[in-house]
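K.L.:
Below is the file protein13.csv, with CSV, C-alpha atoms.
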```csv
chain,number,residue,atom,x,y,z
A,131,MET,CA,38.5,45.3,-24.6
A,132,ARG,CA,38.0,48.0,-22.1
A,133,LYS,CA,34.6,46.4,-21.3
A,134,HIS,CA,36.3,43.1,-20.6
A,135,LEU,CA,38.8,44.7,-18.3
A,136,PHE,CA,36.0,46.3,-16.4
A,137,ILE,CA,34.3,43.0,-15.9
A,138,ILE,CA,37.5,41.3,-14.8
A,139,CYS,CA,38.0,44.1,-12.2
A,140,LEU,CA,34.5,43.7,-10.9
A,141,LEU,CA,34.8,40.0,-10.8
A,142,SER,CA,38.0,40.1,-8.8
A,143,LEU,CA,36.6,42.6,-6.4
A,144,GLY,CA,33.5,40.5,-5.9
A,145,PHE,CA,35.3,37.2,-5.4
A,146,LYS,CA,37.0,37.9,-2.1
A,147,PRO,CA,36.9,34.3,-1.0
A,148,LEU,CA,39.4,33.6,-3.7
A,149,LEU,CA,42.0,35.7,-1.9
A,150,ALA,CA,43.9,33.9,0.9
A,151,GLN,CA,43.0,34.8,4.4
A,152,LYS,CA,45.6,36.2,6.7
A,153,ALA,CA,45.7,34.6,10.1
A,154,ASP,CA,44.9,36.8,13.1
A,155,GLN,CA,47.1,36.6,16.2
A,156,ILE,CA,45.2,35.8,19.4
A,157,LYS,CA,46.0,35.6,23.0
A,158,LEU,CA,45.2,32.7,25.4
A,159,LYS,CA,42.1,34.6,26.7
A,160,GLU,CA,40.5,34.6,23.2
A,161,LEU,CA,41.3,30.9,22.8
A,162,GLN,CA,39.7,30.1,26.1
A,163,GLY,CA,36.7,32.1,24.9
A,164,ILE,CA,36.3,29.8,21.9
A,165,LEU,CA,36.5,26.8,24.2
A,166,THR,CA,34.0,27.9,26.7
A,167,VAL,CA,31.5,30.6,25.5
A,168,PRO,CA,28.3,28.6,24.8
A,169,LYS,CA,27.5,28.3,21.1
A,170,GLU,CA,25.1,26.2,19.1
A,171,GLN,CA,27.7,24.5,17.0
A,172,ILE,CA,30.3,22.0,18.1
A,173,GLN,CA,33.8,23.6,18.2
A,174,VAL,CA,36.6,21.6,16.5
A,175,ILE,CA,39.9,23.1,17.3
A,176,ASN,CA,43.0,21.7,15.7
A,177,PHE,CA,46.5,22.6,17.1
A,178,TRP,CA,49.1,22.5,14.4
A,179,ALA,CA,52.3,24.1,13.0
A,180,THR,CA,53.8,24.5,9.6
A,181,TRP,CA,56.8,22.4,10.5
A,182,CYS,CA,54.6,19.5,11.8
A,183,ALA,CA,54.4,16.8,9.1
A,184,PRO,CA,51.5,14.7,10.6
A,185,CYS,CA,49.6,18.0,11.1
A,186,VAL,CA,49.9,18.9,7.5
A,187,LYS,CA,48.9,15.3,6.6
A,188,GLU,CA,45.6,15.4,8.6
A,189,MET,CA,44.7,18.9,7.5
A,190,PRO,CA,42.5,17.9,4.5
A,191,LEU,CA,40.2,16.1,7.0
A,192,PHE,CA,39.5,19.4,8.8
A,193,GLU,CA,39.1,21.3,5.5
A,194,LYS,CA,36.6,18.7,4.4
A,195,LEU,CA,34.7,18.9,7.7
A,196,ASN,CA,34.7,22.6,7.5
A,197,SER,CA,33.1,22.7,4.0
A,198,GLU,CA,30.7,19.8,4.5
A,199,ASN,CA,29.4,20.0,8.0
A,200,LYS,CA,27.7,23.3,9.0
A,201,GLU,CA,26.9,21.9,12.5
A,202,VAL,CA,30.5,22.4,13.5
A,203,VAL,CA,33.0,25.3,13.6
A,204,VAL,CA,36.5,24.3,12.6
A,205,THR,CA,39.4,26.5,13.9
A,206,LEU,CA,43.0,25.8,13.0
A,207,ILE,CA,45.2,27.2,15.7
A,208,SER,CA,48.8,27.6,14.6
A,209,MET,CA,51.4,27.0,17.3
A,210,ASP,CA,54.3,28.3,15.1
A,211,TYR,CA,54.8,31.4,17.3
A,212,ASP,CA,56.9,29.4,19.9
A,213,LEU,CA,59.7,28.8,17.4
A,214,ASP,CA,59.0,31.7,14.9
A,215,PRO,CA,57.0,34.7,15.9
A,216,ASN,CA,56.9,36.0,12.3
A,217,PRO,CA,53.4,35.1,10.9
A,218,GLU,CA,54.6,35.1,7.3
A,219,LYS,CA,55.3,31.4,7.2
A,220,VAL,CA,51.8,30.6,8.4
A,221,ASN,CA,50.2,33.0,5.9
A,222,ARG,CA,52.2,31.6,3.0
A,223,PHE,CA,51.1,28.1,4.1
A,224,ILE,CA,47.5,29.3,4.1
A,225,ALA,CA,47.8,30.7,0.6
A,226,ARG,CA,49.7,27.6,-0.7
A,227,LYS,CA,47.1,25.2,0.7
A,228,LYS,CA,44.2,27.5,0.0
A,229,LEU,CA,42.9,26.9,3.5
A,230,GLN,CA,39.2,27.8,3.9
A,231,SER,CA,38.9,27.0,7.6
A,232,LYS,CA,39.6,29.8,10.0
A,233,VAL,CA,43.3,30.0,11.0
A,234,LEU,CA,44.5,31.8,14.1
A,235,ILE,CA,48.0,32.1,15.5
A,236,LEU,CA,48.3,31.7,19.3
A,237,ALA,CA,50.8,34.5,20.1
A,238,GLU,CA,52.0,33.5,23.5
A,239,THR,CA,55.4,32.5,24.9
A,240,ASP,CA,56.3,30.1,27.8
A,241,PRO,CA,53.9,27.3,27.0
A,242,ASN,CA,54.5,25.7,30.3
A,243,SER,CA,52.4,28.5,31.9
A,244,TRP,CA,49.4,28.0,29.7
A,245,ILE,CA,49.2,24.4,28.2
A,246,ASP,CA,47.2,23.3,31.2
A,247,LYS,CA,44.8,26.2,30.8
A,248,ILE,CA,43.9,24.9,27.3
A,249,ASP,CA,43.5,21.3,28.6
A,250,LYS,CA,45.1,19.8,31.6
A,251,HIS,CA,45.4,16.4,29.9
A,252,TRP,CA,47.3,17.9,26.9
A,253,GLU,CA,51.1,17.3,27.0
A,254,GLY,CA,51.8,19.9,24.4
A,255,ALA,CA,52.6,17.5,21.6
A,256,LEU,CA,51.4,18.3,18.0
A,257,PRO,CA,49.1,17.5,16.4
A,258,ALA,CA,46.4,17.8,19.0
A,259,THR,CA,42.7,18.3,18.5
A,260,LEU,CA,40.0,19.5,20.9
A,261,ILE,CA,36.3,18.8,20.1
A,262,VAL,CA,34.1,20.8,22.4
A,263,ASN,CA,30.4,21.0,23.0
A,264,THR,CA,30.4,24.5,24.6
A,265,LYS,CA,26.7,24.1,25.7
A,266,THR,CA,27.4,21.0,27.9
A,267,GLY,CA,31.1,21.4,28.5
A,268,LYS,CA,31.7,17.9,27.1
A,269,ARG,CA,35.0,17.7,25.4
A,270,LYS,CA,37.3,15.2,23.7
A,271,LEU,CA,41.1,15.7,23.4
A,272,VAL,CA,42.9,13.7,20.7
A,273,GLN,CA,46.7,13.7,21.0
A,274,LYS,CA,47.6,12.1,17.7
A,275,GLU,CA,47.3,12.3,13.9
A,276,LEU,CA,43.6,11.8,12.9
A,277,HIS,CA,42.5,9.4,10.2
A,278,GLU,CA,39.5,9.3,7.9
A,279,GLY,CA,36.2,8.9,9.8
A,280,GLU,CA,37.6,9.5,13.3
A,281,LEU,CA,36.5,13.2,13.5
A,282,GLU,CA,32.9,12.3,12.8
A,283,LYS,CA,33.0,9.7,15.6
A,284,PHE,CA,34.4,12.1,18.2
A,285,ILE,CA,32.0,14.8,17.2
A,286,LYS,CA,29.1,12.4,17.8
A,287,GLU,CA,30.6,11.5,21.2
A,288,VAL,CA,30.4,15.1,22.5
A,289,SER,CA,27.2,16.0,20.7
A,290,ASN,CA,24.8,14.1,23.0
B,131,MET,CA,36.5,-20.3,51.0
B,132,LYS,CA,40.2,-19.5,50.8
B,133,GLN,CA,40.0,-19.3,47.0
B,134,ILE,CA,37.2,-16.8,47.2
B,135,LEU,CA,39.2,-14.7,49.7
B,136,VAL,CA,42.2,-14.8,47.3
B,137,LEU,CA,39.9,-13.8,44.5
B,138,VAL,CA,38.3,-10.9,46.4
B,139,CYS,CA,41.7,-9.7,47.6
B,140,SER,CA,43.1,-9.7,44.1
B,141,VAL,CA,40.2,-7.8,42.8
B,142,LEU,CA,40.6,-5.2,45.5
B,143,LEU,CA,44.3,-4.9,44.9
B,144,ILE,CA,43.8,-4.5,41.2
B,145,ALA,CA,41.2,-1.9,41.8
B,146,ALA,CA,43.4,0.0,44.2
B,147,ASN,CA,46.3,0.0,41.8
B,148,PRO,CA,45.0,0.9,38.4
B,149,ILE,CA,47.7,0.3,35.7
B,150,LYS,CA,49.3,3.6,35.1
B,151,ASP,CA,50.0,4.3,31.4
B,152,ARG,CA,52.9,6.7,32.1
B,153,TYR,CA,55.4,7.6,34.8
B,154,GLU,CA,54.7,10.4,37.2
B,155,VAL,CA,57.3,12.2,39.3
B,156,GLY,CA,58.2,9.9,42.2
B,157,ASP,CA,57.6,6.7,40.3
B,158,ARG,CA,60.3,4.1,40.0
B,159,ALA,CA,61.3,3.8,36.3
B,160,THR,CA,62.3,0.4,34.9
B,161,ASP,CA,65.7,-0.1,33.2
B,162,PHE,CA,65.8,-0.8,29.5
B,163,LYS,CA,68.3,-2.3,27.0
B,164,LEU,CA,68.3,-0.7,23.6
B,165,LYS,CA,70.7,-0.6,20.7
B,166,ASN,CA,73.0,2.4,20.4
B,167,VAL,CA,74.3,4.0,17.2
B,168,ASP,CA,77.5,2.0,17.5
B,169,GLY,CA,75.6,-1.2,17.5
B,170,LYS,CA,76.1,-2.0,21.2
B,171,MET,CA,73.2,-2.6,23.6
B,172,ILE,CA,73.0,-0.1,26.4
B,173,ALA,CA,71.1,-0.3,29.7
B,174,LEU,CA,71.0,2.3,32.6
B,175,GLY,CA,72.4,-0.4,34.8
B,176,ASP,CA,75.7,-0.4,32.8
B,177,TYR,CA,76.6,2.9,34.4
B,178,LYS,CA,78.0,1.6,37.6
B,179,ASN,CA,79.1,4.9,39.0
B,180,ALA,CA,76.1,7.0,38.0
B,181,SER,CA,74.4,9.2,40.6
B,182,GLY,CA,71.5,9.6,38.3
B,183,TYR,CA,70.4,9.8,34.6
B,184,ILE,CA,69.3,12.4,32.1
B,185,VAL,CA,67.1,10.4,29.7
B,186,ILE,CA,65.9,12.4,26.7
B,187,PHE,CA,63.5,11.2,24.1
B,188,ASP,CA,64.6,12.9,20.9
B,189,SER,CA,64.3,12.9,17.1
B,190,ASN,CA,66.4,13.4,14.0
B,191,THR,CA,63.8,15.5,12.2
B,192,CYS,CA,61.8,17.5,14.8
B,193,PRO,CA,62.6,21.3,14.7
B,194,TYR,CA,62.4,21.4,18.5
B,195,SER,CA,65.1,18.7,18.6
B,196,LYS,CA,67.2,20.7,16.2
B,197,ALA,CA,66.7,23.8,18.3
B,198,TYR,CA,67.8,22.0,21.4
B,199,ASN,CA,70.6,19.8,19.9
B,200,GLN,CA,73.5,22.0,21.1
B,201,ARG,CA,71.9,22.4,24.5
B,202,ILE,CA,71.7,18.6,24.8
B,203,ILE,CA,75.4,18.3,23.9
B,204,LYS,CA,76.1,21.0,26.6
B,205,LEU,CA,74.1,19.1,29.2
B,206,ASP,CA,76.2,16.0,28.6
B,207,GLU,CA,79.4,18.0,28.8
B,208,LYS,CA,78.3,19.6,32.0
B,209,TYR,CA,76.9,16.6,33.8
B,210,SER,CA,78.2,13.3,32.5
B,211,ASN,CA,81.5,13.6,34.4
B,212,LYS,CA,79.6,14.6,37.5
B,213,GLY,CA,77.7,11.3,37.5
B,214,PHE,CA,74.7,12.3,35.5
B,215,PRO,CA,75.1,10.8,32.0
B,216,VAL,CA,72.8,12.0,29.2
B,217,ILE,CA,71.1,9.1,27.4
B,218,THR,CA,69.1,10.0,24.3
B,219,ILE,CA,66.4,7.7,22.8
B,220,ASN,CA,64.7,7.9,19.4
B,221,ALA,CA,61.3,6.1,19.4
B,222,ASN,CA,59.8,7.8,16.2
B,223,GLU,CA,58.5,5.8,13.3
B,224,GLY,CA,59.4,7.1,9.8
B,225,SER,CA,62.3,7.1,7.4
B,226,GLY,CA,63.7,10.4,8.6
B,227,ASP,CA,64.1,8.9,12.1
B,228,SER,CA,65.6,5.6,10.8
B,229,TYR,CA,68.5,4.0,12.7
B,230,GLU,CA,70.7,4.8,9.7
B,231,ASN,CA,69.9,8.5,10.0
B,232,MET,CA,70.5,8.4,13.8
B,233,VAL,CA,74.0,7.0,13.1
B,234,LYS,CA,74.6,9.9,10.6
B,235,ILE,CA,73.5,12.6,13.0
B,236,SER,CA,75.4,11.3,16.0
B,237,LYS,CA,78.6,11.2,13.9
B,238,LYS,CA,78.0,14.6,12.4
B,239,LYS,CA,77.3,16.2,15.8
B,240,SER,CA,80.1,14.1,17.5
B,241,TYR,CA,77.7,12.8,20.2
B,242,LYS,CA,79.7,11.6,23.2
B,243,PHE,CA,76.5,10.2,24.6
B,244,PRO,CA,74.4,7.2,23.5
B,245,TYR,CA,71.6,7.7,21.0
B,246,LEU,CA,69.5,4.6,21.3
B,247,ILE,CA,66.7,3.3,19.0
B,248,ASP,CA,63.4,2.3,20.7
B,249,GLU,CA,62.2,0.3,17.7
B,250,THR,CA,59.2,-1.3,19.5
B,251,GLN,CA,58.3,2.1,21.1
B,252,GLU,CA,57.9,0.2,24.4
B,253,VAL,CA,60.3,2.3,26.4
B,254,ALA,CA,58.7,5.6,25.2
B,255,LYS,CA,55.3,4.2,26.1
B,256,ALA,CA,56.4,2.9,29.5
B,257,TYR,CA,57.9,6.3,30.3
B,258,GLY,CA,55.0,8.2,28.9
B,259,ALA,CA,57.1,10.2,26.5
B,260,THR,CA,54.9,12.2,24.2
B,261,ASN,CA,57.0,14.8,22.4
B,262,THR,CA,60.6,15.5,21.5
B,263,PRO,CA,62.8,16.5,23.2
B,264,HIS,CA,61.1,15.1,26.3
B,265,VAL,CA,63.4,14.8,29.4
B,266,PHE,CA,63.2,12.4,32.3
B,267,VAL,CA,65.7,13.1,35.1
B,268,LEU,CA,66.1,9.9,37.2
B,269,SER,CA,67.9,9.5,40.5
B,270,LYS,CA,70.5,6.7,41.1
B,271,ASP,CA,67.7,4.3,42.1
B,272,LEU,CA,65.7,5.2,39.0
B,273,LYS,CA,63.2,7.3,40.8
B,274,VAL,CA,61.7,9.9,38.4
B,275,ALA,CA,62.7,13.3,39.7
B,276,TYR,CA,61.8,15.5,36.8
B,277,ILE,CA,59.7,15.2,33.6
B,278,GLY,CA,59.4,17.9,30.9
B,279,ALA,CA,61.3,20.4,28.8
B,280,ILE,CA,65.0,21.4,28.9
B,281,ASP,CA,64.2,25.0,29.6
B,282,ASP,CA,61.6,27.7,28.9
B,283,ASN,CA,62.8,29.1,25.6
B,284,PRO,CA,63.2,26.8,22.6
B,285,ARG,CA,63.7,29.6,20.1
B,286,ASN,CA,66.5,31.5,21.8
B,287,GLU,CA,69.0,30.0,24.2
B,288,ALA,CA,70.1,33.5,25.3
B,289,GLY,CA,66.5,34.3,26.4
B,290,VAL,CA,66.2,31.3,28.7
B,291,THR,CA,65.1,32.3,32.2
B,292,LYS,CA,64.3,28.8,33.7
B,293,ARG,CA,66.8,25.9,33.2
B,294,TYR,CA,64.4,23.2,34.3
B,295,VAL,CA,66.7,20.2,33.7
B,296,GLU,CA,69.9,21.8,35.1
B,297,ASP,CA,67.9,22.9,38.2
B,298,ALA,CA,66.6,19.4,38.7
B,299,VAL,CA,70.0,17.7,38.3
B,300,ASP,CA,71.7,20.3,40.6
B,301,ALA,CA,69.0,19.7,43.2
B,302,LEU,CA,69.6,15.9,43.1
B,303,MET,CA,73.4,16.4,43.3
B,304,ASN,CA,72.9,18.5,46.4
B,305,ASN,CA,70.4,16.2,48.0
B,306,LYS,CA,67.7,18.8,47.7
B,307,SER,CA,64.2,18.4,46.5
B,308,VAL,CA,63.4,19.4,42.9
B,309,LEU,CA,61.3,22.5,43.0
B,310,VAL,CA,59.9,22.4,39.5
B,311,ALA,CA,59.4,18.6,38.9
B,312,LYS,CA,57.1,18.7,35.9
B,313,THR,CA,56.8,21.1,32.9
B,314,LYS,CA,55.0,21.0,29.6
B,315,ALA,CA,56.2,22.3,26.3
B,316,ILE,CA,54.9,22.5,22.7
B,317,GLY,CA,56.8,19.9,20.7
B,318,CYS,CA,56.7,17.3,17.9
B,319,GLY,CA,54.4,14.5,19.0
B,320,ILE,CA,56.3,11.1,18.9
B,321,LYS,CA,55.3,9.4,15.7
B,322,TRP,CA,53.7,6.2,16.9
B,323,LYS,CA,53.2,3.1,14.8
B,324,ARG,CA,49.5,2.8,13.8
B,325,GLY,CA,47.3,0.3,15.4
```
Show me, as structure tokens, the structure contained in the file I just sent.
P.N.:
Amino acid sequence: MRKHLFIICLLSLGFKPLLAQKADQIKLKELQGILTVPKEQIQVINFWATWCAPCVKEMPLFEKLNSENKEVVVTLISMDYDLDPNPEKVNRFIARKKLQSKVLILAETDPNSWIDKIDKHWEGALPATLIVNTKTGKRKLVQKELHEGELEKFIKEVSN
Amino acid sequence: MKQILVLVCSVLLIAANPIKDRYEVGDRATDFKLKNVDGKMIALGDYKNASGYIVIFDSNTCPYSKAYNQRIIKLDEKYSNKGFPVITINANEGSGDSYENMVKISKKKSYKFPYLIDETQEVAKAYGATNTPHVFVLSKDLKVAYIGAIDDNPRNEAGVTKRYVEDAVDALMNNKSVLVAKTKAIGCGIKWKRG
């Protein structure tokens, strides 16, 4: 029995990915870094919030992309801070949905002062997704809920 | 020859005036006629004594709309008797934003202003509304004077430092130019019909 317990302990320590991630809070500068610092992989950045029904609906598409396509980096940026600066709701959401893609919380107030700095064509509506080729600067902004197959098409568009 | 000239001119004119997909500040907005929660059709032109309009694209379900609900009621209380009526429009698709639920909310909150349904979403598209609540302040002759958020603090009304809509309406009332004529805010994207 003691042996079994020992094994269970070892297993649970070794299987860190099974524990839900906690979202780090970032500032605009760090987000701008993700959007501009040249990287090999295409950056797929989804702006979402726990209260946004269409965001929650399209999220499995990002999770699928994250697990299947290693040519891209998926980052889910929570915009919950504007209405609720407590990160608990976001972290509970991550645990409940067992999110594997990297989740970050943009911890900034007064969106009017920074929405244009993320993308001047973005109106601030959620959901929104930015697909960026940081090597060429090519980017695609999608200001609506995504459907099956669309992400792959947009990734191709900025890849070449 | 004349035909060719006409053709060339039309091509040039079309090229010089690309079709805009949304209003910008300074554009002339078109009037609309939409069904109110009381069943009556309402147009901006019905307000014969208006000096301008506060048109707000709103929603039943969006948490930002909920956060701003009391502030919209206050805007109406402050400005409708000064000639700037508040007119709210719901263009969202989905059962939560149904006409039935609009009627319920306007009764529950005792709206004294219209809450119109934009079922075809054509008005929201023409105005270029993207999120809720999204405000368009218009002058008497329907010129767009302000586009954007109500203020700079959705979470906490007491923490507001910039009252964008009030500033814009006050400027119009005093024949002054609107200093901040466009703002952006995080908000619920309008739920469009697919296709």
K.L.:
Output as a list in words the set of chain A residues within 7 Å of chain B, with distances taken over all atoms listed in the file.
P.N.:
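Selected residues: Cys182, Asp212, Leu213, Asp240, Pro241, Asn242, Ile245, Glu253, Gly254, Ala255, Leu256 and Pro257 of chain A.
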K.L.:
Would you please work out which residue, of B:Lys170, B:Ala298, B:Glu207, B:Thr160, is nearest to Ser240 in chain B when using only C-alpha atoms?
P.N.:
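Closest candidate: B:Glu207.
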K.L.:
Considering all atoms listed in the file, return as a list in words whatever protein or nucleic-acid residues lie within 12 Å of Asn304 in chain B, sequence-local ones (same chain, fewer than 5 positions apart) excluded.
P.N.:
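Neighbouring residues, sequence-local ones excluded: Ser181, Lys212, Ser269, Asp297, Ala298 and Val299 of chain B.
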K.L.:
Calculate how many Å separate CA of Glu275 in chain A from CA of Trp178 in chain A, rounding to one decimal.
P.N.:
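Separation of CA of Glu275 in chain A and CA of Trp178 in chain A: 10.4 Å.
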K.L.:
How far is it from CA of Gly226 in chain B to CA of Tyr211 in chain A, in Å with one decimal?
P.N.:
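Here the two named atoms are 24.4 Å from each other.
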K.L.:
Could you tell me how far CA of Tyr241 in chain B lies from CA of Phe162 in chain B, in Å and to one decimal?
P.N.:
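Separation of CA of Tyr241 in chain B and CA of Phe162 in chain B: 20.3 Å.
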K.L.:
Measuring atom to atom with all atoms listed in the file, identify which of A:Lys169, A:Lys227, A:Lys274, A:Lys157 is nearest to Ile207 in chain A.
P.N.:
A:Lys157
K.L.:
Which residue is closest to Glu218 in chain A? Choose from A:Asp154, A:Glu198, A:Glu282, A:Glu170 and count only C-alpha atoms.
P.N.:
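Closest candidate: A:Asp154.
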K.L.:
(43.2, 29.3, 1.4) in this file's frame - what residues fall within 12 Å of it? Use only C-alpha atoms and give the answer as a ChimeraX atom specification.
P.N.:
/A:146-153,190,193,220-233
K.L.:
Name the residues in contact with Tyr177 in chain B at a cut-off of 10 Å, using all atoms listed in the file, excluding same-chain residues fewer than 3 positions from it; report them as a PyMOL selection string.
P.N.:
chain B and resi 172-174+180-183+213-215+270
K.L.:
Counting all atoms listed in the file, what is within 7 Å of Phe266 in chain B, bar same-chain residues fewer than 5 positions away, as a list in words?
P.N.:
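The filter keeps Ile184, Val185, Ile186, Val274, Tyr276, Ile277 and Gly278 of chain B.
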K.L.:
Would you mind listing what lies within 10 Å of Thr205 in chain A as a ChimeraX atom specification, with all atoms listed in the file counted and same-chain residues fewer than 4 positions away left out?
P.N.:
/A:164,173-177,192-193,196,231-234,259-260
K.L.:
Residues within 12 Å of (72.0, 19.1, 19.5), file coordinates, counting all atoms listed in the file: what are they? Give the list as a PyMOL selection string.
P.N.:
chain B and resi 186+188-207+218+235-243+245+263+280
K.L.:
In terms of the shortest atom-to-atom distance over only C-alpha atoms, which of B:Tyr294, B:Gly156, B:Gly224, B:Asn179 is closest to Pro184 in chain A?
P.N.:
B:Gly224
